[in-house]
file input-v6.cif (mmCIF, C-alpha atoms)
data_target
#
loop_
_atom_site.label_atom_id
_atom_site.label_comp_id
_atom_site.auth_asym_id
_atom_site.auth_seq_id
_atom_site.Cartn_x
_atom_site.Cartn_y
_atom_site.Cartn_z
CA MET A 1 42.61 58.69 -2.82
CA VAL A 2 39.38 60.64 -3.26
CA LYS A 3 37.33 59.96 -6.37
CA ARG A 4 35.77 62.97 -8.05
CA LEU A 5 32.02 63.23 -7.50
CA PRO A 6 30.24 62.12 -10.71
CA LYS A 7 27.34 64.28 -11.92
CA SER A 8 24.92 61.37 -11.99
CA PHE A 9 24.46 57.99 -10.34
CA HIS A 10 22.53 55.00 -11.58
CA CYS A 11 20.57 54.82 -8.30
CA ALA A 12 20.23 56.76 -5.05
CA THR A 13 21.85 54.09 -2.85
CA GLU A 14 24.99 54.09 -5.00
CA PHE A 15 25.23 57.88 -4.49
CA THR A 16 24.77 57.60 -0.70
CA LEU A 17 27.50 54.93 -0.50
CA PHE A 18 29.83 57.04 -2.66
CA ILE A 19 29.43 60.00 -0.29
CA LEU A 20 29.95 57.83 2.81
CA GLY A 21 33.17 56.68 1.12
CA GLY A 22 33.70 53.14 2.39
CA LYS A 23 33.75 51.30 5.68
CA TRP A 24 36.44 53.06 7.73
CA LYS A 25 35.55 56.55 6.56
CA THR A 26 31.94 55.87 7.56
CA VAL A 27 33.01 54.65 11.01
CA ILE A 28 35.20 57.77 11.47
CA LEU A 29 32.26 59.99 10.43
CA CYS A 30 30.04 58.12 12.92
CA PHE A 31 32.34 59.16 15.77
CA LEU A 32 32.69 62.74 14.51
CA LYS A 33 28.90 63.14 14.29
CA GLU A 34 28.92 62.88 18.12
CA ARG A 35 31.64 65.47 18.77
CA PRO A 36 34.96 66.77 17.40
CA CYS A 37 37.85 64.38 18.12
CA ARG A 38 41.60 64.78 18.39
CA TYR A 39 43.87 62.47 16.41
CA ALA A 40 44.93 60.62 19.58
CA GLU A 41 41.25 60.01 20.42
CA LEU A 42 40.55 58.60 16.95
CA ARG A 43 43.54 56.28 17.38
CA LYS A 44 41.94 54.90 20.57
CA LEU A 45 38.49 54.67 18.95
CA LEU A 46 39.84 52.78 15.92
CA PRO A 47 42.44 50.35 17.31
CA LYS A 48 42.22 48.14 14.19
CA LEU A 49 43.54 50.94 11.97
CA SER A 50 47.25 51.63 11.60
CA ASP A 51 48.51 55.22 11.85
CA LYS A 52 49.11 55.16 8.10
CA VAL A 53 45.55 54.08 7.21
CA LEU A 54 43.89 56.41 9.73
CA THR A 55 45.91 59.36 8.42
CA GLU A 56 45.03 58.49 4.81
CA ARG A 57 41.32 58.16 5.58
CA LEU A 58 41.31 61.50 7.44
CA HIS A 59 43.07 63.20 4.52
CA ASP A 60 40.47 61.74 2.14
CA LEU A 61 37.62 63.00 4.34
CA ILE A 62 39.19 66.48 4.40
CA ASP A 63 39.72 66.39 0.61
CA SER A 64 36.02 65.43 0.15
CA GLY A 65 35.00 68.45 2.20
CA LEU A 66 33.28 66.30 4.84
CA VAL A 67 35.77 66.93 7.67
CA VAL A 68 37.93 69.87 8.70
CA ARG A 69 40.97 69.98 11.01
CA GLY A 70 41.50 72.95 13.27
CA ARG A 71 41.75 74.37 16.78
CA ARG A 72 38.79 75.65 18.73
CA GLY A 73 40.92 78.42 20.23
CA LEU A 74 44.46 79.54 21.07
CA GLY A 75 46.34 76.86 22.98
CA GLN A 76 43.72 74.20 22.14
CA ALA A 77 44.68 70.92 20.50
CA GLN A 78 44.02 70.29 16.81
CA GLU A 79 40.83 68.33 16.29
CA TYR A 80 38.78 66.90 13.45
CA ARG A 81 35.14 67.91 13.06
CA LEU A 82 32.36 67.61 10.48
CA THR A 83 31.95 70.43 7.98
CA GLN A 84 28.50 71.62 6.93
CA ARG A 85 28.67 69.09 4.07
CA GLY A 86 29.64 66.39 6.58
CA ARG A 87 26.71 67.35 8.80
CA HIS A 88 24.41 66.58 5.84
CA LEU A 89 25.24 62.95 6.68
CA THR A 90 24.23 63.05 10.34
CA GLY A 91 20.79 61.47 9.75
CA ILE A 92 22.09 58.50 7.80
CA LEU A 93 25.05 58.06 10.20
CA ARG A 94 22.66 57.94 13.17
CA HIS A 95 20.55 55.38 11.34
CA LEU A 96 23.57 53.15 10.56
CA ASP A 97 24.54 53.28 14.23
CA ALA A 98 21.00 52.73 15.55
CA TRP A 99 20.40 49.78 13.20
CA GLY A 100 23.55 48.10 14.55
CA VAL A 101 22.56 48.65 18.19
CA GLU A 102 19.00 47.44 17.60
CA ASN A 103 19.79 44.38 15.47
CA ALA A 104 23.03 43.06 16.98
CA PRO A 105 21.18 40.86 19.57
CA SER A 106 19.18 39.09 16.82
CA PHE A 107 22.54 38.14 15.21
CA ASN A 108 24.00 37.10 18.61
CA VAL A 109 26.55 39.86 18.23
CA VAL A 110 27.87 42.27 20.88
CA VAL A 111 28.68 45.83 19.78
CA GLY A 112 30.88 48.20 21.75
CA THR A 113 30.43 51.91 22.49
CA PRO A 114 34.02 53.16 22.37
CA LEU A 115 33.28 56.91 22.35
CA THR A 116 30.90 56.62 25.32
CA ASP A 117 33.54 54.52 27.12
CA LEU A 118 36.26 57.09 26.38
CA ASP A 119 34.14 59.94 27.74
CA TYR A 120 33.19 57.87 30.79
CA GLU A 121 36.88 57.17 31.55
CA ARG A 122 37.62 60.88 31.23
CA ARG A 123 34.89 61.84 33.67
CA ARG A 124 35.94 59.10 36.08
CA ASP A 125 39.59 60.19 35.95
CA GLY A 126 38.58 63.82 36.39
CA THR A 127 40.28 64.93 33.18
CA GLY A 128 37.01 66.41 31.87
CA THR A 129 35.11 65.66 28.67
CA ARG A 130 35.56 67.66 25.51
CA ARG A 131 31.98 67.93 24.35
CA ALA A 132 31.37 70.05 21.27
CA MET B 1 34.11 35.45 -0.44
CA VAL B 2 31.93 35.78 2.65
CA LYS B 3 33.65 36.59 5.91
CA ARG B 4 32.40 34.72 8.98
CA LEU B 5 30.31 36.91 11.31
CA PRO B 6 32.48 37.85 14.32
CA LYS B 7 30.85 37.58 17.77
CA SER B 8 31.63 41.17 18.66
CA PHE B 9 32.28 44.48 16.91
CA HIS B 10 34.11 47.50 18.19
CA CYS B 11 31.16 49.76 17.35
CA ALA B 12 27.60 49.43 16.02
CA THR B 13 28.29 51.14 12.69
CA GLU B 14 31.07 48.66 11.90
CA PHE B 15 28.59 45.81 12.51
CA THR B 16 25.93 47.40 10.26
CA LEU B 17 28.47 47.86 7.45
CA PHE B 18 29.70 44.27 7.85
CA ILE B 19 26.14 42.96 7.43
CA LEU B 20 25.48 45.20 4.42
CA GLY B 21 28.67 43.69 2.95
CA GLY B 22 30.09 46.41 0.71
CA LYS B 23 28.88 48.72 -2.03
CA TRP B 24 27.51 46.41 -4.72
CA LYS B 25 25.90 43.95 -2.32
CA THR B 26 24.14 46.87 -0.66
CA VAL B 27 22.89 48.17 -4.03
CA ILE B 28 21.62 44.66 -4.96
CA LEU B 29 19.84 44.42 -1.58
CA CYS B 30 18.30 47.84 -2.20
CA PHE B 31 16.64 46.53 -5.38
CA LEU B 32 15.55 43.27 -3.75
CA LYS B 33 13.93 45.13 -0.85
CA GLU B 34 11.41 46.43 -3.45
CA ARG B 35 10.58 43.08 -5.02
CA PRO B 36 12.12 39.73 -6.07
CA CYS B 37 14.21 40.07 -9.25
CA ARG B 38 15.33 37.63 -11.91
CA TYR B 39 19.01 37.47 -12.87
CA ALA B 40 18.33 39.16 -16.22
CA GLU B 41 16.58 42.02 -14.39
CA LEU B 42 19.53 42.49 -12.03
CA ARG B 43 21.84 42.61 -15.07
CA LYS B 44 19.76 45.50 -16.44
CA LEU B 45 19.60 47.23 -13.04
CA LEU B 46 23.38 47.01 -12.54
CA PRO B 47 24.91 47.70 -15.96
CA LYS B 48 28.28 48.60 -14.41
CA LEU B 49 28.75 45.07 -13.06
CA SER B 50 30.13 42.25 -15.19
CA ASP B 51 28.36 38.89 -15.19
CA LYS B 52 31.25 37.49 -13.17
CA VAL B 53 31.04 40.12 -10.42
CA LEU B 54 27.23 40.08 -10.24
CA THR B 55 27.23 36.28 -9.93
CA GLU B 56 29.89 36.41 -7.20
CA ARG B 57 28.02 39.05 -5.22
CA LEU B 58 24.76 37.08 -5.47
CA HIS B 59 26.52 33.91 -4.28
CA ASP B 60 27.96 35.85 -1.34
CA LEU B 61 24.52 37.22 -0.43
CA ILE B 62 23.08 33.68 -0.54
CA ASP B 63 25.98 32.33 1.56
CA SER B 64 25.36 35.11 4.13
CA GLY B 65 21.73 34.02 4.39
CA LEU B 66 20.45 37.42 3.22
CA VAL B 67 19.13 36.32 -0.19
CA VAL B 68 17.57 33.12 -1.52
CA ARG B 69 17.14 31.92 -5.12
CA GLY B 70 14.03 30.02 -6.11
CA ARG B 71 10.86 29.82 -8.17
CA ARG B 72 7.52 31.17 -6.99
CA GLY B 73 5.73 28.26 -8.67
CA LEU B 74 5.95 25.59 -11.34
CA GLY B 75 6.98 27.06 -14.70
CA GLN B 76 8.02 30.37 -13.10
CA ALA B 77 11.50 31.79 -13.65
CA GLN B 78 14.17 31.59 -10.95
CA GLU B 79 14.38 34.80 -8.95
CA TYR B 80 16.36 36.26 -6.09
CA ARG B 81 14.54 37.51 -2.99
CA LEU B 82 15.37 38.63 0.54
CA THR B 83 15.28 36.01 3.29
CA GLN B 84 13.90 36.86 6.73
CA ARG B 85 17.46 37.84 7.75
CA GLY B 86 17.70 40.01 4.64
CA ARG B 87 14.38 41.67 5.50
CA HIS B 88 15.94 42.74 8.83
CA LEU B 89 17.85 45.22 6.64
CA THR B 90 14.81 46.81 4.98
CA GLY B 91 14.74 49.85 7.31
CA ILE B 92 18.39 50.75 6.80
CA LEU B 93 18.18 50.06 3.03
CA ARG B 94 15.19 52.40 2.72
CA HIS B 95 17.10 55.04 4.65
CA LEU B 96 20.20 54.74 2.40
CA ASP B 97 17.97 55.15 -0.64
CA ALA B 98 15.91 58.02 0.81
CA TRP B 99 19.05 59.91 1.90
CA GLY B 100 20.39 59.73 -1.66
CA VAL B 101 17.13 60.94 -3.19
CA GLU B 102 16.79 63.78 -0.69
CA ASN B 103 20.39 65.01 -0.73
CA ALA B 104 21.47 64.54 -4.36
CA PRO B 105 20.19 68.04 -5.40
CA SER B 106 22.33 69.75 -2.74
CA PHE B 107 25.39 68.02 -4.28
CA ASN B 108 24.23 68.94 -7.84
CA VAL B 109 23.92 65.23 -8.56
CA VAL B 110 21.19 63.42 -10.52
CA VAL B 111 20.19 59.94 -9.33
CA GLY B 112 18.32 57.42 -11.47
CA THR B 113 15.44 55.10 -10.56
CA PRO B 114 16.27 52.00 -12.63
CA LEU B 115 13.77 49.60 -11.01
CA THR B 116 10.90 52.07 -11.38
CA ASP B 117 11.96 52.64 -15.01
CA LEU B 118 12.08 48.89 -15.67
CA ASP B 119 8.59 48.35 -14.26
CA TYR B 120 7.27 51.36 -16.19
CA GLU B 121 8.66 49.93 -19.47
CA ARG B 122 7.03 46.59 -18.69
CA ARG B 123 3.62 48.19 -18.11
CA ARG B 124 3.99 50.34 -21.22
CA ASP B 125 4.96 47.32 -23.35
CA GLY B 126 2.13 45.29 -21.84
CA THR B 127 4.44 42.54 -20.63
CA GLY B 128 3.15 42.94 -17.07
CA THR B 129 5.00 43.73 -13.87
CA ARG B 130 6.20 41.04 -11.53
CA ARG B 131 5.35 42.58 -8.17
CA ALA B 132 6.00 40.44 -5.12
#

call {"tool": "encode", "arguments": {"input": "input-v6.cif", "output": "C-alpha cells"}}
result
Amino acid sequence: MVKRLPKSFHCATEFTLFILGGKWKTVILCFLKERPCRYAELRKLLPKLSDKVLTERLHDLIDSGLVVRGRRGLGQAQEYRLTQRGRHLTGILRHLDAWGVENAPSFNVVVGTPLTDLDYERRRDGTGTRRA
Amino acid sequence: MVKRLPKSFHCATEFTLFILGGKWKTVILCFLKERPCRYAELRKLLPKLSDKVLTERLHDLIDSGLVVRGRRGLGQAQEYRLTQRGRHLTGILRHLDAWGVENAPSFNVVVGTPLTDLDYERRRDGTGTRRA
C-alpha cells in the first residue's frame, strides 16, 4: 500500500526514506537505475522475494509515480523503468550502492552484483544484452 | 531486535540498508552524525516516537555497535554518540540528508531542521550548545 506524500517532514532524512519507500522497493529501484528490467529479470535479481511480494512492491512503485511499465516498441516485452520522478533518486541510489561496495570488506561481508552477472551470462550465451 | 550480520548479501544496496537498520534508526543516526545527543534531546528531535520505541531503537543501535552511551566527563550527562563503526556511515547519512534538502521543493514538501532549531534555541536562551 502506498502512503500519501505528507506536505511536510520533521527532517530531511525522514523525507528521503519515505520517498525510497522501504528496503525492497529501494533495492528494486537500485536495479532499475541501471537499465529497464522485465518482470522475469527482476525475479532472478531478487530471489528472496516471492512473486506476490515482488508484484506488490512493483505496483506500489508505479502508484508512487517512480516506476512505469511499458513496451519499448511493437513486439517488445513489457518492462519496468524509472519515471522522471524515479530518476530524481538516481544520485542517492548510486550512493547507497557505492557505500555498500566500498564498506563491505571492513565488515567482512561479501556483496554480489546480480545485474552485472545477468548481463554477463547473456553476453556469454549470445542472447544479447538489453541495455537502455 | 538486532539481526545478526550475514556474511554475504545478494547486492550492495541490500547490505547498506541492513547496516542502516530501518527508518527510525537511520533518522537517529542522522542526528548523531552531527553531534552526541542526550536522551531528552532525542525525545525532542523525534516527537513521533514513543519512549518505548525510542529506547528500543537506541538499544538496537548499541547492540549493533553503531552507537555508544556514556559520559564525556565526571558530572556530565549521559549521551549517545556514534562509535567508529557508526562513523563509517557518516558519508551515506550526509547524502540521505542532503538529498532530502535538495529535492523536497520539487515534491512540494517542506522539511524541518530540528537539531539546528534546538541548538538555536539553546544559544538564544543562553543555556549553551553542547557541540562535540

call {"tool": "resolve_selection", "arguments": {"input": "input-v6.cif", "expression": "the PyMOL selection byres ((chain A) within 9 of (chain B))", "output": "PyMOL selection string"}}
result
chain A and resi 5-18+22-24+26-27+30+45-47+88-89+91-104+107-115

call {"tool": "write_last_selection", "arguments": {"input": "input-v6.cif", "atoms": "C-alpha atoms", "output": "PDB file, in the coordinates of the input"}}
result
ATOM      1  CA  LEU A   5      32.020  63.230  -7.500  1.00  0.00           C
ATOM      2  CA  PRO A   6      30.240  62.120 -10.710  1.00  0.00           C
ATOM      3  CA  LYS A   7      27.340  64.280 -11.920  1.00  0.00           C
ATOM      4  CA  SER A   8      24.920  61.370 -11.990  1.00  0.00           C
ATOM      5  CA  PHE A   9      24.460  57.990 -10.340  1.00  0.00           C
ATOM      6  CA  HIS A  10      22.530  55.000 -11.580  1.00  0.00           C
ATOM      7  CA  CYS A  11      20.570  54.820  -8.300  1.00  0.00           C
ATOM      8  CA  ALA A  12      20.230  56.760  -5.050  1.00  0.00           C
ATOM      9  CA  THR A  13      21.850  54.090  -2.850  1.00  0.00           C
ATOM     10  CA  GLU A  14      24.990  54.090  -5.000  1.00  0.00           C
ATOM     11  CA  PHE A  15      25.230  57.880  -4.490  1.00  0.00           C
ATOM     12  CA  THR A  16      24.770  57.600  -0.700  1.00  0.00           C
ATOM     13  CA  LEU A  17      27.500  54.930  -0.500  1.00  0.00           C
ATOM     14  CA  PHE A  18      29.830  57.040  -2.660  1.00  0.00           C
ATOM     15  CA  GLY A  22      33.700  53.140   2.390  1.00  0.00           C
ATOM     16  CA  LYS A  23      33.750  51.300   5.680  1.00  0.00           C
ATOM     17  CA  TRP A  24      36.440  53.060   7.730  1.00  0.00           C
ATOM     18  CA  THR A  26      31.940  55.870   7.560  1.00  0.00           C
ATOM     19  CA  VAL A  27      33.010  54.650  11.010  1.00  0.00           C
ATOM     20  CA  CYS A  30      30.040  58.120  12.920  1.00  0.00           C
ATOM     21  CA  LEU A  45      38.490  54.670  18.950  1.00  0.00           C
ATOM     22  CA  LEU A  46      39.840  52.780  15.920  1.00  0.00           C
ATOM     23  CA  PRO A  47      42.440  50.350  17.310  1.00  0.00           C
ATOM     24  CA  HIS A  88      24.410  66.580   5.840  1.00  0.00           C
ATOM     25  CA  LEU A  89      25.240  62.950   6.680  1.00  0.00           C
ATOM     26  CA  GLY A  91      20.790  61.470   9.750  1.00  0.00           C
ATOM     27  CA  ILE A  92      22.090  58.500   7.800  1.00  0.00           C
ATOM     28  CA  LEU A  93      25.050  58.060  10.200  1.00  0.00           C
ATOM     29  CA  ARG A  94      22.660  57.940  13.170  1.00  0.00           C
ATOM     30  CA  HIS A  95      20.550  55.380  11.340  1.00  0.00           C
ATOM     31  CA  LEU A  96      23.570  53.150  10.560  1.00  0.00           C
ATOM     32  CA  ASP A  97      24.540  53.280  14.230  1.00  0.00           C
ATOM     33  CA  ALA A  98      21.000  52.730  15.550  1.00  0.00           C
ATOM     34  CA  TRP A  99      20.400  49.780  13.200  1.00  0.00           C
ATOM     35  CA  GLY A 100      23.550  48.100  14.550  1.00  0.00           C
ATOM     36  CA  VAL A 101      22.560  48.650  18.190  1.00  0.00           C
ATOM     37  CA  GLU A 102      19.000  47.440  17.600  1.00  0.00           C
ATOM     38  CA  ASN A 103      19.790  44.380  15.470  1.00  0.00           C
ATOM     39  CA  ALA A 104      23.030  43.060  16.980  1.00  0.00           C
ATOM     40  CA  PHE A 107      22.540  38.140  15.210  1.00  0.00           C
ATOM     41  CA  ASN A 108      24.000  37.100  18.610  1.00  0.00           C
ATOM     42  CA  VAL A 109      26.550  39.860  18.230  1.00  0.00           C
ATOM     43  CA  VAL A 110      27.870  42.270  20.880  1.00  0.00           C
ATOM     44  CA  VAL A 111      28.680  45.830  19.780  1.00  0.00           C
ATOM     45  CA  GLY A 112      30.880  48.200  21.750  1.00  0.00           C
ATOM     46  CA  THR A 113      30.430  51.910  22.490  1.00  0.00           C
ATOM     47  CA  PRO A 114      34.020  53.160  22.370  1.00  0.00           C
ATOM     48  CA  LEU A 115      33.280  56.910  22.350  1.00  0.00           C
TER      49      LEU A 115
END

call {"tool": "atom_distance", "arguments": {"input": "input-v6.cif", "atom1": "CA of Leu32 (chain A)", "atom2": "CA of Arg71 (chain A)"}}
result
14.9 Å

call {"tool": "closest_residue", "arguments": {"input": "input-v6.cif", "among": "A:Gly86, A:Gly65, A:Gly75, A:Pro105", "to": "Arg4 (chain A)", "atoms": "all atoms listed in the file"}}
result
A:Gly65

call {"tool": "atom_distance", "arguments": {"input": "input-v6.cif", "atom1": "CA of Glu79 (chain B)", "atom2": "CA of Asp60 (chain B)"}}
result
15.6 Å

call {"tool": "atom_distance", "arguments": {"input": "input-v6.cif", "atom1": "CA of Gln84 (chain B)", "atom2": "CA of Val67 (chain B)"}}
result
8.7 Å

call {"tool": "resolve_selection", "arguments": {"input": "input-v6.cif", "expression": "the PyMOL selection byres ((chain A and resi 72) around 12)", "output": "list in words"}}
result
Pro36, Cys37, Arg38, Val68, Arg69, Gly70, Arg71, Gly73, Leu74, Gly75, Gln76, Ala77, Gln78, Glu79, Tyr80, Arg81, Arg130, Arg131 and Ala132 of chain A

call {"tool": "calpha_fit_and_write", "arguments": {"input": "input-v6.cif", "fixed": "chain A", "moving": "chain B", "output": "JSON list (two decimals) with C-alpha atoms, keeping the file's coordinate frame"}}
result
[["chain", "number", "residue", "atom", "x", "y", "z"],
["B", 1, "MET", "CA", 42.61, 58.70, -2.85],
["B", 2, "VAL", "CA", 39.37, 60.63, -3.26],
["B", 3, "LYS", "CA", 37.33, 59.95, -6.36],
["B", 4, "ARG", "CA", 35.78, 62.99, -8.05],
["B", 5, "LEU", "CA", 32.01, 63.25, -7.49],
["B", 6, "PRO", "CA", 30.25, 62.14, -10.70],
["B", 7, "LYS", "CA", 27.34, 64.30, -11.91],
["B", 8, "SER", "CA", 24.93, 61.39, -11.99],
["B", 9, "PHE", "CA", 24.47, 58.00, -10.34],
["B", 10, "HIS", "CA", 22.55, 55.02, -11.58],
["B", 11, "CYS", "CA", 20.59, 54.80, -8.31],
["B", 12, "ALA", "CA", 20.25, 56.76, -5.06],
["B", 13, "THR", "CA", 21.85, 54.09, -2.86],
["B", 14, "GLU", "CA", 25.00, 54.10, -4.99],
["B", 15, "PHE", "CA", 25.23, 57.89, -4.49],
["B", 16, "THR", "CA", 24.77, 57.60, -0.70],
["B", 17, "LEU", "CA", 27.50, 54.94, -0.50],
["B", 18, "PHE", "CA", 29.84, 57.04, -2.66],
["B", 19, "ILE", "CA", 29.44, 60.00, -0.28],
["B", 20, "LEU", "CA", 29.94, 57.83, 2.80],
["B", 21, "GLY", "CA", 33.17, 56.66, 1.11],
["B", 22, "GLY", "CA", 33.71, 53.12, 2.38],
["B", 23, "LYS", "CA", 33.76, 51.30, 5.69],
["B", 24, "TRP", "CA", 36.43, 53.06, 7.74],
["B", 25, "LYS", "CA", 35.55, 56.56, 6.57],
["B", 26, "THR", "CA", 31.95, 55.88, 7.56],
["B", 27, "VAL", "CA", 33.02, 54.65, 11.02],
["B", 28, "ILE", "CA", 35.21, 57.78, 11.49],
["B", 29, "LEU", "CA", 32.26, 59.99, 10.44],
["B", 30, "CYS", "CA", 30.05, 58.13, 12.92],
["B", 31, "PHE", "CA", 32.35, 59.17, 15.78],
["B", 32, "LEU", "CA", 32.69, 62.75, 14.52],
["B", 33, "LYS", "CA", 28.91, 63.14, 14.29],
["B", 34, "GLU", "CA", 28.92, 62.89, 18.13],
["B", 35, "ARG", "CA", 31.64, 65.45, 18.76],
["B", 36, "PRO", "CA", 34.98, 66.76, 17.41],
["B", 37, "CYS", "CA", 37.85, 64.35, 18.14],
["B", 38, "ARG", "CA", 41.60, 64.76, 18.40],
["B", 39, "TYR", "CA", 43.87, 62.44, 16.42],
["B", 40, "ALA", "CA", 44.93, 60.59, 19.58],
["B", 41, "GLU", "CA", 41.25, 59.99, 20.43],
["B", 42, "LEU", "CA", 40.55, 58.59, 16.96],
["B", 43, "ARG", "CA", 43.54, 56.26, 17.38],
["B", 44, "LYS", "CA", 41.94, 54.90, 20.57],
["B", 45, "LEU", "CA", 38.49, 54.68, 18.95],
["B", 46, "LEU", "CA", 39.83, 52.77, 15.92],
["B", 47, "PRO", "CA", 42.43, 50.35, 17.30],
["B", 48, "LYS", "CA", 42.21, 48.14, 14.20],
["B", 49, "LEU", "CA", 43.54, 50.92, 11.96],
["B", 50, "SER", "CA", 47.25, 51.62, 11.58],
["B", 51, "ASP", "CA", 48.50, 55.20, 11.84],
["B", 52, "LYS", "CA", 49.10, 55.14, 8.09],
["B", 53, "VAL", "CA", 45.55, 54.08, 7.20],
["B", 54, "LEU", "CA", 43.88, 56.40, 9.72],
["B", 55, "THR", "CA", 45.90, 59.36, 8.42],
["B", 56, "GLU", "CA", 45.02, 58.49, 4.81],
["B", 57, "ARG", "CA", 41.32, 58.17, 5.58],
["B", 58, "LEU", "CA", 41.31, 61.50, 7.44],
["B", 59, "HIS", "CA", 43.07, 63.21, 4.52],
["B", 60, "ASP", "CA", 40.48, 61.75, 2.15],
["B", 61, "LEU", "CA", 37.62, 63.00, 4.34],
["B", 62, "ILE", "CA", 39.19, 66.49, 4.39],
["B", 63, "ASP", "CA", 39.71, 66.42, 0.60],
["B", 64, "SER", "CA", 36.03, 65.43, 0.15],
["B", 65, "GLY", "CA", 35.00, 68.46, 2.19],
["B", 66, "LEU", "CA", 33.29, 66.31, 4.84],
["B", 67, "VAL", "CA", 35.77, 66.92, 7.68],
["B", 68, "VAL", "CA", 37.94, 69.87, 8.71],
["B", 69, "ARG", "CA", 40.97, 69.98, 11.02],
["B", 70, "GLY", "CA", 41.50, 72.96, 13.29],
["B", 71, "ARG", "CA", 41.75, 74.37, 16.79],
["B", 72, "ARG", "CA", 38.76, 75.66, 18.73],
["B", 73, "GLY", "CA", 40.91, 78.42, 20.24],
["B", 74, "LEU", "CA", 44.43, 79.53, 21.06],
["B", 75, "GLY", "CA", 46.33, 76.84, 22.98],
["B", 76, "GLN", "CA", 43.69, 74.20, 22.16],
["B", 77, "ALA", "CA", 44.67, 70.92, 20.51],
["B", 78, "GLN", "CA", 44.01, 70.28, 16.82],
["B", 79, "GLU", "CA", 40.81, 68.32, 16.29],
["B", 80, "TYR", "CA", 38.77, 66.88, 13.46],
["B", 81, "ARG", "CA", 35.13, 67.91, 13.06],
["B", 82, "LEU", "CA", 32.36, 67.60, 10.49],
["B", 83, "THR", "CA", 31.95, 70.43, 7.99],
["B", 84, "GLN", "CA", 28.48, 71.60, 6.94],
["B", 85, "ARG", "CA", 28.66, 69.07, 4.07],
["B", 86, "GLY", "CA", 29.65, 66.38, 6.57],
["B", 87, "ARG", "CA", 26.71, 67.33, 8.80],
["B", 88, "HIS", "CA", 24.40, 66.58, 5.84],
["B", 89, "LEU", "CA", 25.25, 62.94, 6.67],
["B", 90, "THR", "CA", 24.22, 63.05, 10.34],
["B", 91, "GLY", "CA", 20.78, 61.47, 9.74],
["B", 92, "ILE", "CA", 22.11, 58.50, 7.79],
["B", 93, "LEU", "CA", 25.05, 58.05, 10.21],
["B", 94, "ARG", "CA", 22.66, 57.95, 13.18],
["B", 95, "HIS", "CA", 20.55, 55.39, 11.34],
["B", 96, "LEU", "CA", 23.57, 53.14, 10.57],
["B", 97, "ASP", "CA", 24.53, 53.26, 14.24],
["B", 98, "ALA", "CA", 20.98, 52.73, 15.56],
["B", 99, "TRP", "CA", 20.40, 49.77, 13.20],
["B", 100, "GLY", "CA", 23.54, 48.09, 14.55],
["B", 101, "VAL", "CA", 22.55, 48.65, 18.18],
["B", 102, "GLU", "CA", 19.00, 47.43, 17.60],
["B", 103, "ASN", "CA", 19.78, 44.37, 15.48],
["B", 104, "ALA", "CA", 23.03, 43.04, 16.97],
["B", 105, "PRO", "CA", 21.17, 40.84, 19.56],
["B", 106, "SER", "CA", 19.19, 39.07, 16.82],
["B", 107, "PHE", "CA", 22.54, 38.13, 15.19],
["B", 108, "ASN", "CA", 24.00, 37.08, 18.61],
["B", 109, "VAL", "CA", 26.56, 39.85, 18.22],
["B", 110, "VAL", "CA", 27.86, 42.26, 20.88],
["B", 111, "VAL", "CA", 28.67, 45.82, 19.79],
["B", 112, "GLY", "CA", 30.88, 48.20, 21.76],
["B", 113, "THR", "CA", 30.42, 51.90, 22.50],
["B", 114, "PRO", "CA", 34.03, 53.15, 22.38],
["B", 115, "LEU", "CA", 33.29, 56.91, 22.36],
["B", 116, "THR", "CA", 30.91, 56.62, 25.32],
["B", 117, "ASP", "CA", 33.54, 54.51, 27.13],
["B", 118, "LEU", "CA", 36.25, 57.08, 26.39],
["B", 119, "ASP", "CA", 34.16, 59.95, 27.74],
["B", 120, "TYR", "CA", 33.19, 57.90, 30.80],
["B", 121, "GLU", "CA", 36.88, 57.20, 31.57],
["B", 122, "ARG", "CA", 37.63, 60.91, 31.23],
["B", 123, "ARG", "CA", 34.89, 61.88, 33.68],
["B", 124, "ARG", "CA", 35.94, 59.13, 36.09],
["B", 125, "ASP", "CA", 39.60, 60.22, 35.94],
["B", 126, "GLY", "CA", 38.58, 63.86, 36.33],
["B", 127, "THR", "CA", 40.30, 64.93, 33.13],
["B", 128, "GLY", "CA", 37.06, 66.42, 31.81],
["B", 129, "THR", "CA", 35.13, 65.66, 28.65],
["B", 130, "ARG", "CA", 35.57, 67.67, 25.50],
["B", 131, "ARG", "CA", 31.98, 67.98, 24.33],
["B", 132, "ALA", "CA", 31.38, 70.10, 21.25]]

call {"tool": "build_atoms", "arguments": {"input": "input-v6.cif", "residues": "region 13-18 of chain A", "atoms": "N, CA, C and O atoms", "output": "mmCIF file, in the frame of the given file"}}
result
data_model
loop_
_atom_site.group_PDB
_atom_site.id
_atom_site.type_symbol
_atom_site.label_atom_id
_atom_site.label_comp_id
_atom_site.auth_asym_id
_atom_site.auth_seq_id
_atom_site.Cartn_x
_atom_site.Cartn_y
_atom_site.Cartn_z
ATOM 1 N N THR A 13 21.032 54.794 -3.850
ATOM 2 C CA THR A 13 21.850 54.090 -2.850
ATOM 3 C C THR A 13 23.328 54.148 -3.232
ATOM 4 O O THR A 13 24.194 54.322 -2.372
ATOM 5 N N GLU A 14 23.597 54.028 -4.535
ATOM 6 C CA GLU A 14 24.990 54.090 -5.000
ATOM 7 C C GLU A 14 25.580 55.468 -4.661
ATOM 8 O O GLU A 14 26.725 55.564 -4.235
ATOM 9 N N PHE A 15 24.779 56.520 -4.823
ATOM 10 C CA PHE A 15 25.230 57.880 -4.490
ATOM 11 C C PHE A 15 25.507 58.001 -2.991
ATOM 12 O O PHE A 15 26.569 58.495 -2.582
ATOM 13 N N THR A 16 24.575 57.524 -2.162
ATOM 14 C CA THR A 16 24.770 57.600 -0.700
ATOM 15 C C THR A 16 26.061 56.895 -0.301
ATOM 16 O O THR A 16 26.857 57.437 0.484
ATOM 17 N N LEU A 17 26.298 55.701 -0.863
ATOM 18 C CA LEU A 17 27.500 54.930 -0.500
ATOM 19 C C LEU A 17 28.768 55.609 -1.008
ATOM 20 O O LEU A 17 29.810 55.544 -0.366
ATOM 21 N N PHE A 18 28.679 56.292 -2.142
ATOM 22 C CA PHE A 18 29.830 57.040 -2.660
ATOM 23 C C PHE A 18 30.198 58.155 -1.679
ATOM 24 O O PHE A 18 31.369 58.360 -1.364
#
